[in-house]
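The block underneath contains the structure these notes are about, expressed in structure tokens.
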Amino acid sequence: MKNSGISRRNFLGKAATVGVAGVIVPSIIASCTRETKKVVPIATMLDQAPDGPVIRAGVIGCGGRGTGAAINFLSAGPNLQIVALGDTFQDRVDSCRAEILKQKKQEVPLDKCFVGFDAYQKVIDAGVDLVILATPPFFRPDHLAAAIQAKKHVFAEKPVCVDPVGARSVMATAQKAKGMELCIVTGTQRRHQRDYVSTWQQVAQGSIGEITGGNVYWNGGKLWHRDPNATWSEMEYMIRNWVNWTWLSGDHIVEQHVHNLDVMNWFTGTHPTKAVGFGSRLRRITGNQYDNFSVDFTFENGIHFHSMCRQINGCVNNVSERIQGSKGSTDCHSSILDLAGAEIWKYEYPKDKDGKPSTSVSVDPYVQEHIDLVTAIRTSKPINEAENTAISTMDAIMGRLSAYTGKEVTYEELMNSDLKLGPKVFTFGPVDIDKTIPTAGLAYVPETPTK
């Protein structure tokens, strides 16, 4: 990789001037030492959202995830409709519309299908009650702000941004939504996955003692890429190939590994304050991202979490979380071990048709998050996950920037940074951004943004 001449200053930017229904309360649980745990209630998870007036939803971003989220929403309960679709490209709208008809027998009216960079606003204005945001993450902050401004409930896919400016925008929008009693559920489905929720409850009640550190992983294979097409402009090619460009996806530490980092934040009840990491590009063939990262995250109380993520075929895979405590450890979704490695608690999965314990929860968490969203709307008990997900996304950005520069990056720096990725003009032509691949340790300017 050549020296791109990109400094830590370029990556951080100069200093900016701005810095569910029901509860299950378990009984007191006694351990083998006859100590008692504090009781931490968790929200009741319904198998289906309650009935109520029709909720009309529009989908903004009609690719695979947007189409999947639309189907998940329609599976969440009665009287749910998809009534509008919007995407940058016509073929995406057409495929999403066809899949909704095929799977759910709902036909989205053609006059409610919109194409172009302004399609998101047309969907918001199309008489919907709720919007599903599933475009490439770069667009999420503006689309979320527009939806809340129009007083719509939101399901927003993760991550919620790709840069510090976007993260702060989402945090501000989250606060605005709270004041308007609007619901926002994000795509961090582990927070809606019953085994994760039950394990979190055990940890919150003290099963592993004080948290002393942990490890989070998303080591997997290559996702996908699109080859250039002679009929596409550079802008169209980049958007169709979005998962390989940092300005659109945030790099895979942000776009994918944010799930595991969010579990880290959720279980610890806080977030790291600084990161030192490294990464590289070994086999990626398109875009300008890395294909592996390793990051040491440090928390304010001094504990460390090690983060690893990789998208390279032919390697050992591991998508998981592990948290160590003063009394034991957990895999965060099914088991608690004592310090000797003996299992002291295990999540009870439902039995399969043969009466044997299953290895999955009873409700798909991708559907459960929509059940919880619809339930919150229909019971007038607002749920708002946007700020938490913005913080988790900022942690991922912190790790990415440390790896790109080879330097320590702090959360405080990002909260005072005006770094904003992407072009300023959106037209189907050349894209005016730096497309070089970052090289750590080169052309570094040692400076800290002015507070």
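How things are named: the first chain in the structure tokens is A, the next is B, and so on; residues count from 1 in each chain; ligands count from 1 in the order shown.
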Closest pair table for region 28-81 of chain A residues within 12 Å of region 120-138 of chain A, only C-alpha atoms, as a Markdown table:
| residue | atom | partner | partner_atom | distance |
| --- | --- | --- | --- | --- |
| A:Pro53 | CA | A:Asp129 | CA | 10.9 |
| A:Val54 | CA | A:Asp129 | CA | 9.1 |
| A:Ile55 | CA | A:Asp129 | CA | 6.0 |
| A:Arg56 | CA | A:Val128 | CA | 5.0 |
| A:Ala57 | CA | A:Leu130 | CA | 4.6 |
| A:Gly58 | CA | A:Val131 | CA | 4.8 |
| A:Val59 | CA | A:Ile132 | CA | 4.8 |
| A:Ile60 | CA | A:Leu133 | CA | 5.1 |
| A:Gly61 | CA | A:Thr135 | CA | 4.2 |
| A:Cys62 | CA | A:Ala134 | CA | 7.1 |
| A:Gly63 | CA | A:Thr135 | CA | 7.7 |
| A:Gly64 | CA | A:Ala134 | CA | 9.0 |
| A:Arg65 | CA | A:Ala134 | CA | 6.4 |
| A:Gly66 | CA | A:Ala134 | CA | 4.9 |
| A:Thr67 | CA | A:Ala134 | CA | 8.7 |
| A:Gly68 | CA | A:Ala134 | CA | 9.7 |
| A:Ala69 | CA | A:Ile132 | CA | 7.4 |
| A:Ala70 | CA | A:Ile132 | CA | 7.4 |
| A:Ile71 | CA | A:Ile132 | CA | 11.1 |
| A:Asn72 | CA | A:Ile132 | CA | 10.8 |
| A:Phe73 | CA | A:Ile132 | CA | 8.9 |
| A:Leu74 | CA | A:Ile132 | CA | 11.7 |
| A:Leu80 | CA | A:Leu130 | CA | 10.4 |
| A:Gln81 | CA | A:Val128 | CA | 9.5 |
**Item:** Selection near Tyr347 (chain A), 7 Å with only C-alpha atoms, sequence-local residues under 6 positions removed, as number ranges by chain
**Value:** A: 195, 334-335
Would you put the residues from that selection into a file with C-alpha atoms, as a PDB file, in the first residue's frame?
ATOM      1  CA  ASP A 195     -30.977 -15.799  25.407  1.00  0.00           C
ATOM      2  CA  SER A 334     -26.285 -18.982  27.060  1.00  0.00           C
ATOM      3  CA  SER A 335     -23.932 -19.784  29.915  1.00  0.00           C
TER       4      SER A 335
END
**Request:** Please provide as a PyMOL selection string all residues within 7 Å of Arg322 (chain A), with the sequence filter that same-chain residues fewer than 6 positions apart are discarded (counting only C-alpha atoms).
**Result:** chain A and resi 214-216+330-332
Please write the residues from the selection above to a file, keeping C-alpha atoms, as a PDB file, in the first residue's frame.
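What ended up in selection.pdb:
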ATOM      1  CA  GLY A 214     -13.469  -9.314  27.912  1.00  0.00           C
ATOM      2  CA  ASN A 215     -13.166 -10.182  24.246  1.00  0.00           C
ATOM      3  CA  VAL A 216     -15.468  -9.485  21.313  1.00  0.00           C
ATOM      4  CA  THR A 330     -20.051 -15.588  30.418  1.00  0.00           C
ATOM      5  CA  ASP A 331     -20.455 -16.119  26.687  1.00  0.00           C
ATOM      6  CA  CYS A 332     -23.192 -13.424  26.871  1.00  0.00           C
TER       7      CYS A 332
END
Region 98-161 of chain A near region 257-281 of chain A within 12 Å: what's each residue's closest atom pair and its distance in Å to one decimal, counting only C-alpha atoms, ordered by chain then ascending residue number, as CSV?
residue,atom,partner,partner_atom,distance
A:Glu157,CA,A:His259,CA,11.2
A:Lys158,CA,A:Val258,CA,7.8
A:Pro159,CA,A:Val258,CA,6.8
A:Val160,CA,A:Val258,CA,10.0
A:Cys161,CA,A:Val258,CA,11.0
Write out, as an mmCIF file, in the first residue's frame, the residues just selected, with C-alpha atoms.
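Writing done, so here's part26.cif:
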data_model
loop_
_atom_site.group_PDB
_atom_site.id
_atom_site.type_symbol
_atom_site.label_atom_id
_atom_site.label_comp_id
_atom_site.auth_asym_id
_atom_site.auth_seq_id
_atom_site.Cartn_x
_atom_site.Cartn_y
_atom_site.Cartn_z
ATOM 1 C CA GLU A 157 -30.624 -0.454 10.802
ATOM 2 C CA LYS A 158 -27.226 -0.439 12.425
ATOM 3 C CA PRO A 159 -24.752 1.191 12.255
ATOM 4 C CA VAL A 160 -26.373 4.587 12.543
ATOM 5 C CA CYS A 161 -23.503 6.612 11.044
#
**Request:** For Lys105 (chain A), list every protein, DNA or RNA residue within 12 Å, evaluated using only C-alpha atoms, and leave out those in the same chain fewer than 2 positions away; present the list as a PyMOL selection string.
**Result:** chain A and resi 71+74-75+81-82+97-103+107-108
**Item:** helix (DSSP H, G or I) residues, from DSSP on the backbone, in region 20-255 of chain A, as a ChimeraX atom specification
**Value:** /A:64-74,90-104,110-112,119-124,137-149,164-179,189-192,194-204,234-240,242-244,246-249,252-255
Would you mind exporting the chosen residues as a CSV table (one decimal), in the first residue's frame, restricted to C-alpha atoms?
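What landed in out37.csv:
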chain,number,residue,atom,x,y,z
A,64,GLY,CA,-31.4,-7.2,0.9
A,65,ARG,CA,-31.5,-5.8,4.4
A,66,GLY,CA,-34.3,-3.4,3.7
A,67,THR,CA,-36.4,-6.1,2.1
A,68,GLY,CA,-35.6,-8.4,5.0
A,69,ALA,CA,-36.6,-5.8,7.5
A,70,ALA,CA,-39.9,-5.2,5.7
A,71,ILE,CA,-40.7,-8.9,5.9
A,72,ASN,CA,-39.7,-8.9,9.6
A,73,PHE,CA,-42.0,-6.0,10.3
A,74,LEU,CA,-45.0,-7.6,8.5
A,90,GLN,CA,-35.4,1.3,-9.7
A,91,ASP,CA,-34.3,-2.3,-9.7
A,92,ARG,CA,-34.0,-2.4,-5.9
A,93,VAL,CA,-37.5,-1.0,-5.5
A,94,ASP,CA,-38.9,-3.5,-8.0
A,95,SER,CA,-37.3,-6.5,-6.3
A,96,CYS,CA,-38.4,-5.4,-2.8
A,97,ARG,CA,-41.9,-4.8,-4.0
A,98,ALA,CA,-42.0,-8.3,-5.7
A,99,GLU,CA,-40.7,-10.0,-2.5
A,100,ILE,CA,-43.2,-8.4,-0.3
A,101,LEU,CA,-46.0,-9.5,-2.6
A,102,LYS,CA,-44.6,-13.0,-2.8
A,103,GLN,CA,-44.0,-13.6,0.9
A,104,LYS,CA,-46.7,-11.5,2.5
A,110,LEU,CA,-46.8,1.9,-7.8
A,111,ASP,CA,-47.5,5.5,-7.1
A,112,LYS,CA,-45.9,5.1,-3.7
A,119,ALA,CA,-36.8,9.2,-2.5
A,120,TYR,CA,-36.4,9.1,1.3
A,121,GLN,CA,-38.3,12.3,1.8
A,122,LYS,CA,-41.0,11.1,-0.6
A,123,VAL,CA,-41.5,8.0,1.4
A,124,ILE,CA,-41.7,10.0,4.7
A,137,PRO,CA,-25.1,3.8,6.8
A,138,PHE,CA,-23.7,7.1,5.5
A,139,PHE,CA,-27.2,8.3,4.8
A,140,ARG,CA,-28.7,7.2,8.2
A,141,PRO,CA,-28.2,10.4,10.2
A,142,ASP,CA,-30.0,12.7,7.7
A,143,HIS,CA,-32.8,10.2,7.0
A,144,LEU,CA,-33.3,9.7,10.8
A,145,ALA,CA,-33.5,13.4,11.4
A,146,ALA,CA,-36.0,13.9,8.6
A,147,ALA,CA,-38.2,11.0,9.8
A,148,ILE,CA,-38.3,12.4,13.4
A,149,GLN,CA,-38.9,15.9,12.2
A,164,PRO,CA,-18.3,11.6,14.4
A,165,VAL,CA,-20.5,14.3,12.9
A,166,GLY,CA,-23.1,11.7,12.0
A,167,ALA,CA,-22.9,10.1,15.5
A,168,ARG,CA,-23.6,13.5,17.2
A,169,SER,CA,-26.4,14.1,14.8
A,170,VAL,CA,-28.0,10.8,15.7
A,171,MET,CA,-27.6,11.6,19.4
A,172,ALA,CA,-29.3,14.9,19.0
A,173,THR,CA,-32.1,13.4,17.0
A,174,ALA,CA,-32.6,10.7,19.7
A,175,GLN,CA,-33.1,13.4,22.3
A,176,LYS,CA,-35.6,15.1,20.0
A,177,ALA,CA,-37.5,11.9,19.5
A,178,LYS,CA,-37.8,11.3,23.3
A,179,GLY,CA,-39.4,14.7,23.7
A,189,GLN,CA,-31.0,-7.4,17.5
A,190,ARG,CA,-29.0,-9.1,20.2
A,191,ARG,CA,-30.7,-6.7,22.6
A,192,HIS,CA,-34.0,-8.4,21.5
A,194,ARG,CA,-34.1,-13.8,24.4
A,195,ASP,CA,-31.0,-15.8,25.4
A,196,TYR,CA,-28.8,-12.6,25.3
A,197,VAL,CA,-31.4,-10.7,27.4
A,198,SER,CA,-31.6,-13.5,30.0
A,199,THR,CA,-27.8,-13.7,30.2
A,200,TRP,CA,-27.5,-10.0,30.6
A,201,GLN,CA,-30.0,-10.2,33.5
A,202,GLN,CA,-27.8,-12.8,35.2
A,203,VAL,CA,-24.7,-10.6,34.8
A,204,ALA,CA,-26.6,-7.5,36.0
A,234,GLU,CA,-18.7,6.1,-10.4
A,235,MET,CA,-21.4,7.2,-7.9
A,236,GLU,CA,-23.7,4.4,-8.9
A,237,TYR,CA,-20.9,1.9,-8.7
A,238,MET,CA,-19.8,3.0,-5.3
A,239,ILE,CA,-23.4,2.9,-3.9
A,240,ARG,CA,-24.0,-0.5,-5.4
A,242,TRP,CA,-21.2,0.2,-0.7
A,243,VAL,CA,-20.1,-2.4,1.7
A,244,ASN,CA,-16.5,-2.0,0.5
A,246,THR,CA,-15.5,3.5,4.1
A,247,TRP,CA,-17.5,6.6,3.4
A,248,LEU,CA,-20.6,4.5,2.8
A,249,SER,CA,-20.3,1.7,5.3
A,252,HIS,CA,-16.6,-3.5,8.5
A,253,ILE,CA,-15.5,-2.8,12.1
A,254,VAL,CA,-18.3,-0.2,12.0
A,255,GLU,CA,-20.8,-1.9,9.7
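Taking CA of Lys381 (chain A) as the reference point, CA of Ser362 (chain A) is found at 24.0 Å.
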**Request:** Name the residues in contact with Ala76 (chain A) at a cut-off of 8 Å, using only C-alpha atoms, excluding same-chain residues fewer than 4 positions from it; report them as number ranges by chain.
**Result:** A: 48-49, 72, 367-368, 370-371, 374
Since we have the selection now, will you write its residues out, keeping N, CA and C atoms, as an mmCIF file, in the first residue's frame?
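Written out: result_28.cif:
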data_model
loop_
_atom_site.group_PDB
_atom_site.id
_atom_site.type_symbol
_atom_site.label_atom_id
_atom_site.label_comp_id
_atom_site.auth_asym_id
_atom_site.auth_seq_id
_atom_site.Cartn_x
_atom_site.Cartn_y
_atom_site.Cartn_z
ATOM 1 N N GLN A 48 -45.894 -12.070 19.745
ATOM 2 C CA GLN A 48 -46.522 -11.296 18.679
ATOM 3 C C GLN A 48 -46.979 -9.968 19.269
ATOM 4 N N ALA A 49 -46.850 -8.911 18.493
ATOM 5 C CA ALA A 49 -47.305 -7.604 18.958
ATOM 6 C C ALA A 49 -48.822 -7.604 19.121
ATOM 7 N N ASN A 72 -39.725 -8.807 8.105
ATOM 8 C CA ASN A 72 -39.719 -8.949 9.568
ATOM 9 C C ASN A 72 -40.809 -8.093 10.205
ATOM 10 N N VAL A 367 -37.257 -10.602 14.003
ATOM 11 C CA VAL A 367 -38.692 -10.319 14.100
ATOM 12 C C VAL A 367 -39.012 -9.730 15.467
ATOM 13 N N GLN A 368 -38.342 -10.230 16.506
ATOM 14 C CA GLN A 368 -38.607 -9.766 17.865
ATOM 15 C C GLN A 368 -38.406 -8.263 18.000
ATOM 16 N N HIS A 370 -38.966 -5.996 15.870
ATOM 17 C CA HIS A 370 -40.148 -5.330 15.321
ATOM 18 C C HIS A 370 -41.374 -5.564 16.205
ATOM 19 N N ILE A 371 -41.469 -6.757 16.802
ATOM 20 C CA ILE A 371 -42.541 -6.992 17.772
ATOM 21 C C ILE A 371 -42.433 -5.982 18.910
ATOM 22 N N VAL A 374 -43.452 -2.411 17.605
ATOM 23 C CA VAL A 374 -44.898 -2.256 17.421
ATOM 24 C C VAL A 374 -45.611 -2.269 18.776
#
**Request:** Within 8 Å of region 311-320 of chain A, counting only C-alpha atoms, which residues show up once you throw out same-chain ones fewer than 2 positions away? Write them as a ChimeraX atom specification, please.
**Result:** /A:216-223,252,260,283-284,291-292,309,322,331
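The spacing separating CA of Tyr404 (chain A) from CA of Gly250 (chain A) amounts to 12.1 Å.
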